[in-house]
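J.: This is structure_18.csv (CSV, C-alpha atoms).
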```csv
chain,number,residue,atom,x,y,z
A,39,MET,CA,15.7,0.2,-11.4
A,40,ARG,CA,13.3,1.7,-8.9
A,41,VAL,CA,9.7,0.7,-8.4
A,42,GLU,CA,7.5,3.1,-6.4
A,43,ILE,CA,4.3,1.8,-5.0
A,44,TRP,CA,1.6,4.2,-3.8
A,45,SER,CA,-0.8,2.6,-1.4
A,46,ASP,CA,-3.0,3.0,1.7
A,47,ILE,CA,-3.2,0.7,4.7
A,48,ASN,CA,-7.0,0.9,4.5
A,49,CYS,CA,-7.0,-0.4,0.9
A,50,PRO,CA,-7.4,-4.2,0.7
A,51,TRP,CA,-6.5,-4.2,-3.0
A,52,CYS,CA,-3.2,-2.6,-2.0
A,53,TYR,CA,-2.6,-5.6,0.3
A,54,ILE,CA,-3.5,-8.0,-2.5
A,55,GLY,CA,-1.6,-6.0,-5.2
A,56,LYS,CA,1.6,-6.0,-3.1
A,57,ALA,CA,1.5,-9.8,-2.9
A,58,ARG,CA,0.9,-10.1,-6.6
A,59,PHE,CA,3.7,-7.7,-7.5
A,60,GLU,CA,6.1,-9.5,-5.1
A,61,ARG,CA,5.3,-12.8,-6.8
A,62,ALA,CA,6.3,-11.3,-10.1
A,63,LEU,CA,9.4,-9.7,-8.7
A,64,GLU,CA,10.5,-13.0,-7.1
A,65,ALA,CA,10.6,-14.6,-10.5
A,66,PHE,CA,12.2,-11.6,-12.2
A,67,PRO,CA,15.8,-12.4,-13.3
A,68,HIS,CA,17.0,-8.9,-12.3
A,69,ARG,CA,15.2,-8.8,-9.0
A,70,GLU,CA,18.4,-8.1,-7.0
A,71,GLU,CA,18.8,-4.8,-9.0
A,72,ILE,CA,15.2,-3.6,-8.3
A,73,GLU,CA,14.7,-1.1,-5.5
A,74,VAL,CA,11.2,-1.0,-4.1
A,75,VAL,CA,10.0,2.2,-2.4
A,76,HIS,CA,6.6,2.5,-0.8
A,77,ARG,CA,4.8,5.8,-1.1
A,78,SER,CA,1.8,7.3,0.8
A,79,PHE,CA,-1.7,7.8,-0.5
A,80,GLU,CA,-4.8,8.3,1.7
A,81,LEU,CA,-8.1,7.0,0.2
A,82,ASP,CA,-10.0,9.3,2.6
A,83,PRO,CA,-7.9,12.1,4.1
A,84,ARG,CA,-10.9,13.3,6.0
A,85,ALA,CA,-11.6,10.0,7.7
A,86,PRO,CA,-12.0,10.4,11.5
A,87,HIS,CA,-9.4,8.9,13.8
A,88,GLU,CA,-12.0,6.9,15.7
A,89,ALA,CA,-12.3,3.5,14.2
A,90,ARG,CA,-15.6,2.5,12.7
A,91,PRO,CA,-16.9,-0.9,11.3
A,92,VAL,CA,-15.9,-1.4,7.7
A,93,VAL,CA,-19.1,-2.9,6.3
A,94,PRO,CA,-21.4,0.1,7.0
A,95,LEU,CA,-18.6,2.3,5.6
A,96,LEU,CA,-18.6,0.4,2.4
A,97,ALA,CA,-22.3,0.4,2.1
A,98,ALA,CA,-22.5,4.2,2.6
A,99,LYS,CA,-19.6,4.9,0.2
A,100,TYR,CA,-20.8,2.8,-2.7
A,101,GLY,CA,-24.5,3.0,-2.2
A,102,MET,CA,-24.9,-0.7,-1.3
A,103,SER,CA,-27.0,-2.6,1.1
A,104,LEU,CA,-25.3,-4.1,4.2
A,105,GLU,CA,-25.8,-7.5,2.6
A,106,GLN,CA,-24.1,-6.4,-0.6
A,107,ALA,CA,-21.2,-4.9,1.5
A,108,VAL,CA,-20.8,-8.1,3.4
A,109,ALA,CA,-20.7,-10.0,0.0
A,110,ALA,CA,-18.1,-7.5,-1.3
A,111,GLU,CA,-15.9,-8.1,1.7
A,112,ALA,CA,-16.2,-11.9,1.2
A,113,ARG,CA,-15.1,-11.6,-2.4
A,114,ILE,CA,-12.1,-9.5,-1.4
A,115,ALA,CA,-11.3,-12.1,1.3
A,116,GLU,CA,-11.3,-14.8,-1.4
A,117,ASN,CA,-8.9,-12.8,-3.6
A,118,ALA,CA,-6.6,-12.3,-0.6
A,119,ARG,CA,-6.6,-15.9,0.4
A,120,ALA,CA,-5.9,-17.0,-3.2
A,121,GLU,CA,-2.6,-15.1,-2.8
A,122,GLY,CA,-1.9,-16.8,0.5
A,123,LEU,CA,-2.8,-13.8,2.6
A,124,PRO,CA,-4.8,-14.0,5.8
A,125,TYR,CA,-8.0,-11.9,5.7
A,126,LEU,CA,-10.6,-11.2,8.4
A,127,SER,CA,-13.7,-10.9,6.3
A,128,GLU,CA,-16.0,-10.0,9.3
A,129,GLY,CA,-15.5,-7.5,12.1
A,130,ARG,CA,-12.8,-5.3,10.6
A,131,ASP,CA,-12.7,-1.6,11.2
A,132,ALA,CA,-11.1,1.5,9.6
A,133,ALA,CA,-10.0,4.9,10.6
A,134,ASN,CA,-7.7,7.7,9.4
A,135,SER,CA,-4.4,6.3,8.1
A,136,PHE,CA,-2.3,9.5,8.2
A,137,ASP,CA,-0.4,8.5,11.3
A,138,MET,CA,0.4,5.1,9.8
A,139,HIS,CA,1.9,6.8,6.7
A,140,ARG,CA,4.0,9.1,8.9
A,141,LEU,CA,5.3,6.1,10.8
A,142,LEU,CA,6.2,4.4,7.5
A,143,HIS,CA,8.3,7.4,6.5
A,144,PHE,CA,10.0,7.1,9.9
A,145,ALA,CA,10.6,3.4,9.3
A,146,GLU,CA,12.1,4.1,5.9
A,147,GLU,CA,14.8,6.2,7.5
A,148,HIS,CA,15.7,3.3,9.7
A,149,GLY,CA,15.6,0.7,7.0
A,150,ARG,CA,12.4,-1.0,8.3
A,151,GLN,CA,9.7,0.3,6.0
A,152,ALA,CA,9.0,-3.0,4.3
A,153,GLN,CA,8.8,-4.8,7.6
A,154,LEU,CA,6.4,-2.2,9.1
A,155,LEU,CA,4.2,-2.2,6.0
A,156,ASP,CA,3.8,-6.0,6.3
A,157,VAL,CA,3.0,-5.7,10.0
A,158,LEU,CA,0.4,-2.9,9.4
A,159,TYR,CA,-1.3,-4.8,6.6
A,160,ARG,CA,-1.5,-7.9,8.8
A,161,ALA,CA,-2.8,-6.0,11.7
A,162,ASN,CA,-5.5,-4.2,9.6
A,163,PHE,CA,-6.7,-7.1,7.5
A,164,ALA,CA,-6.0,-10.3,9.5
A,165,ASP,CA,-5.9,-9.5,13.3
A,166,GLU,CA,-8.9,-9.6,15.5
A,167,ARG,CA,-7.5,-6.7,17.5
A,168,SER,CA,-7.9,-3.3,15.8
A,169,ALA,CA,-4.8,-1.7,14.3
A,170,PHE,CA,-6.3,1.7,15.3
A,171,GLU,CA,-6.6,0.9,19.0
A,172,GLU,CA,-4.8,3.5,21.2
A,173,GLY,CA,-1.1,2.5,21.6
A,174,ARG,CA,-1.4,-0.2,19.0
A,175,LEU,CA,0.8,1.6,16.4
A,176,VAL,CA,3.8,1.7,18.8
A,177,GLU,CA,3.4,-2.0,19.5
A,178,LEU,CA,3.4,-2.7,15.8
A,179,ALA,CA,6.4,-0.5,15.2
A,180,VAL,CA,8.3,-2.5,17.8
A,181,GLU,CA,7.2,-5.7,16.2
A,182,ALA,CA,8.7,-4.4,12.9
A,183,GLY,CA,12.0,-3.8,14.6
A,184,LEU,CA,11.8,-0.1,15.4
A,185,ASP,CA,12.5,1.6,18.7
A,186,GLY,CA,9.2,2.0,20.6
A,187,ALA,CA,10.1,5.3,22.3
A,188,ALA,CA,11.2,6.8,19.0
A,189,ALA,CA,8.0,5.7,17.3
A,190,ALA,CA,5.9,7.1,20.1
A,191,ALA,CA,7.7,10.4,19.8
A,192,VAL,CA,6.9,10.5,16.1
A,193,LEU,CA,3.2,9.8,16.7
A,194,ALA,CA,3.1,12.4,19.5
A,195,ASP,CA,4.3,15.1,17.1
A,196,PRO,CA,1.5,15.7,14.4
A,197,GLU,CA,4.0,17.4,12.1
A,198,ALA,CA,6.7,14.7,12.2
A,199,TYR,CA,7.0,13.3,8.7
A,200,ALA,CA,3.7,15.0,7.7
A,201,ASP,CA,5.4,16.9,4.9
A,202,ALA,CA,6.8,13.6,3.5
A,203,VAL,CA,3.3,12.1,3.4
A,204,ARG,CA,1.9,15.1,1.7
A,205,GLU,CA,4.8,15.2,-0.8
A,206,ASP,CA,4.0,11.6,-1.8
A,207,GLU,CA,0.4,12.5,-2.3
A,208,THR,CA,1.2,15.6,-4.3
A,209,THR,CA,3.5,13.5,-6.6
A,210,ALA,CA,0.8,10.9,-7.1
A,211,SER,CA,-1.7,13.6,-8.1
A,212,ALA,CA,0.8,15.1,-10.5
A,213,MET,CA,1.2,11.7,-12.1
A,214,GLY,CA,-2.6,11.3,-12.6
A,215,ALA,CA,-3.2,8.7,-9.9
A,216,THR,CA,-6.7,8.8,-8.6
A,217,GLY,CA,-6.6,5.6,-6.7
A,218,VAL,CA,-4.4,2.9,-5.3
A,219,PRO,CA,-2.5,0.7,-5.6
A,220,PHE,CA,-0.4,2.6,-8.1
A,221,PHE,CA,2.9,1.2,-9.3
A,222,VAL,CA,5.5,3.4,-11.1
A,223,LEU,CA,8.6,1.8,-12.7
A,224,ASP,CA,11.5,4.2,-13.1
A,225,ARG,CA,9.1,7.1,-13.3
A,226,ARG,CA,8.3,6.0,-16.9
A,227,LEU,CA,5.8,3.2,-16.7
A,228,GLY,CA,2.6,3.1,-14.6
A,229,VAL,CA,0.5,0.2,-13.6
A,230,SER,CA,-2.8,0.9,-11.8
A,231,GLY,CA,-4.7,-1.6,-9.6
A,232,ALA,CA,-4.1,-5.0,-8.1
A,233,GLN,CA,-3.3,-6.6,-11.5
A,234,PRO,CA,-2.4,-10.2,-12.0
A,235,ALA,CA,1.2,-11.2,-11.4
A,236,GLU,CA,1.6,-11.7,-15.1
A,237,THR,CA,0.9,-8.1,-15.8
A,238,PHE,CA,3.5,-7.0,-13.3
A,239,THR,CA,5.9,-9.4,-14.9
A,240,ARG,CA,5.3,-7.7,-18.3
A,241,ALA,CA,5.8,-4.3,-16.7
A,242,LEU,CA,9.1,-5.3,-15.1
A,243,GLU,CA,10.3,-6.7,-18.4
A,244,GLN,CA,9.2,-3.7,-20.4
A,245,ALA,CA,10.7,-1.2,-18.0
A,246,TRP,CA,14.0,-3.1,-17.7
A,247,GLU,CA,14.4,-3.4,-21.4
A,248,SER,CA,13.6,0.3,-22.1
A,249,ARG,CA,15.4,1.8,-19.1
A,250,VAL,CA,17.3,5.0,-19.8
A,251,THR,CA,19.5,7.4,-17.9
A,252,VAL,CA,17.0,10.3,-17.8
A,253,PRO,CA,13.3,9.2,-17.1
A,254,LEU,CA,10.8,10.0,-19.7
A,255,THR,CA,7.5,11.8,-19.1
A,256,PRO,CA,4.6,11.4,-19.1
A,257,LEU,CA,4.1,7.9,-17.6
A,258,THR,CA,3.2,5.2,-20.0
A,259,PRO,CA,0.2,3.2,-18.6
A,260,LEU,CA,0.3,-0.6,-18.9
A,261,ALA,CA,-3.0,-2.3,-19.1
A,262,PRO,CA,-3.4,-6.1,-18.7
A,263,LYS,CA,-3.7,-8.2,-21.9
A,264,GLU,CA,-7.3,-9.0,-22.8
```
When written as structure tokens, how does the structure in this file appear?
T.:
Amino acid sequence: MRVEIWSDINCPWCYIGKARFERALEAFPHREEIEVVHRSFELDPRAPHEARPVVPLLAAKYGMSLEQAVAAEARIAENARAEGLPYLSEGRDAANSFDMHRLLHFAEEHGRQAQLLDVLYRANFADERSAFEEGRLVELAVEAGLDGAAAAAVLADPEAYADAVREDETTASAMGATGVPFFVLDRRLGVSGAQPAETFTRALEQAWESRVTVPLTPLTPLAPKE
């Protein structure tokens, strides 16, 4: 059974949701028969490539004061740490994530997508050094087990894997996804948001029990129990 996860490296709830899903998957009896594929989704395709501090961005985007934005980041940090994830709640920055998504498609071809995704999340949410610093993505690709020269060549060519990123985003839009994380099980069951691990457990069980040869449409949304 395939589980596709649409996410953005700039999305802290994607970082948290991935950990919650993996906790549910680890306890799932058929976990060895689950294929997990990560798909691209940009929260802000028009974001500049120059990194900017996160707190003022949040304040402007959601109409909050800087103090409220700081408090919001602190709450996200608490949620991340509750999942055992490191989180730098002060001093983070953000920029356009399109190159990261292109690199993730490159990594998928080389069987290192999961490793690169983990490295990118850690760099963006837990490291003091910016993930968007010039040359940083090549270093992170090497850390994930990829060839540095090949990764640099991908990043130097703006069209490399660009169509793959756009195809993921077009598919997400066709499925009705307006935000991430967005989890799709066998193209039949959809789960939106960084739900509790228990919700992902129910989704895995439901999708496994009802799996069929030909996927059904449209997606069936699964909401957490009240």
J.: Could you tell me how far CA of Val192 in chain A sits from CA of Phe144 in chain A, in Å to one decimal place?
T.: 7.7 Å
J.: Around the point (-16.9, 0.1, 11.2) in the file's coordinates, collect all residues with an atom within 9 Å, using only C-alpha atoms, and return them as a VMD selection string.
T.: chain A and resid 89 to 96 129 to 133
J.: Identify which of the residues A:Glu121, A:Glu181, A:Asp156, A:Asp46 lies closest to Arg77 in chain A, counting all atoms listed in the file when measuring atom-to-atom distances.
T.: A:Asp46
J.: Leaving out Val180 in chain A and any residue of its chain fewer than 3 positions from it, which residues lie within 12 Å of it when counting only C-alpha atoms, given as a list in words?
T.: Leu141, Ala145, Arg150, Gln153, Leu154, Val157, Leu158, Gly173, Arg174, Leu175, Val176, Glu177, Gly183, Leu184, Asp185, Gly186, Ala187, Ala188, Ala189 and Ala190 of chain A
J.: So the first atom is CA of His143 in chain A and the second is CA of Tyr199 in chain A; what is the distance between them in Å, to one decimal place?
T.: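 About the pair CA of His143 in chain A and CA of Tyr199 in chain A: they are 6.4 Å apart.
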J.: So what do you get for CA of Gly101 in chain A versus CA of Asn117 in chain A, distance-wise?
T.: 22.2 Å
J.: Please identify all polymer residues within 10 Å of Glu60 in chain A, counting all atoms listed in the file, omitting same-chain residues fewer than 2 positions from it, and present them as a PyMOL selection string.
T.: chain A and resi 55-58+62-66+69+74+235+238-239
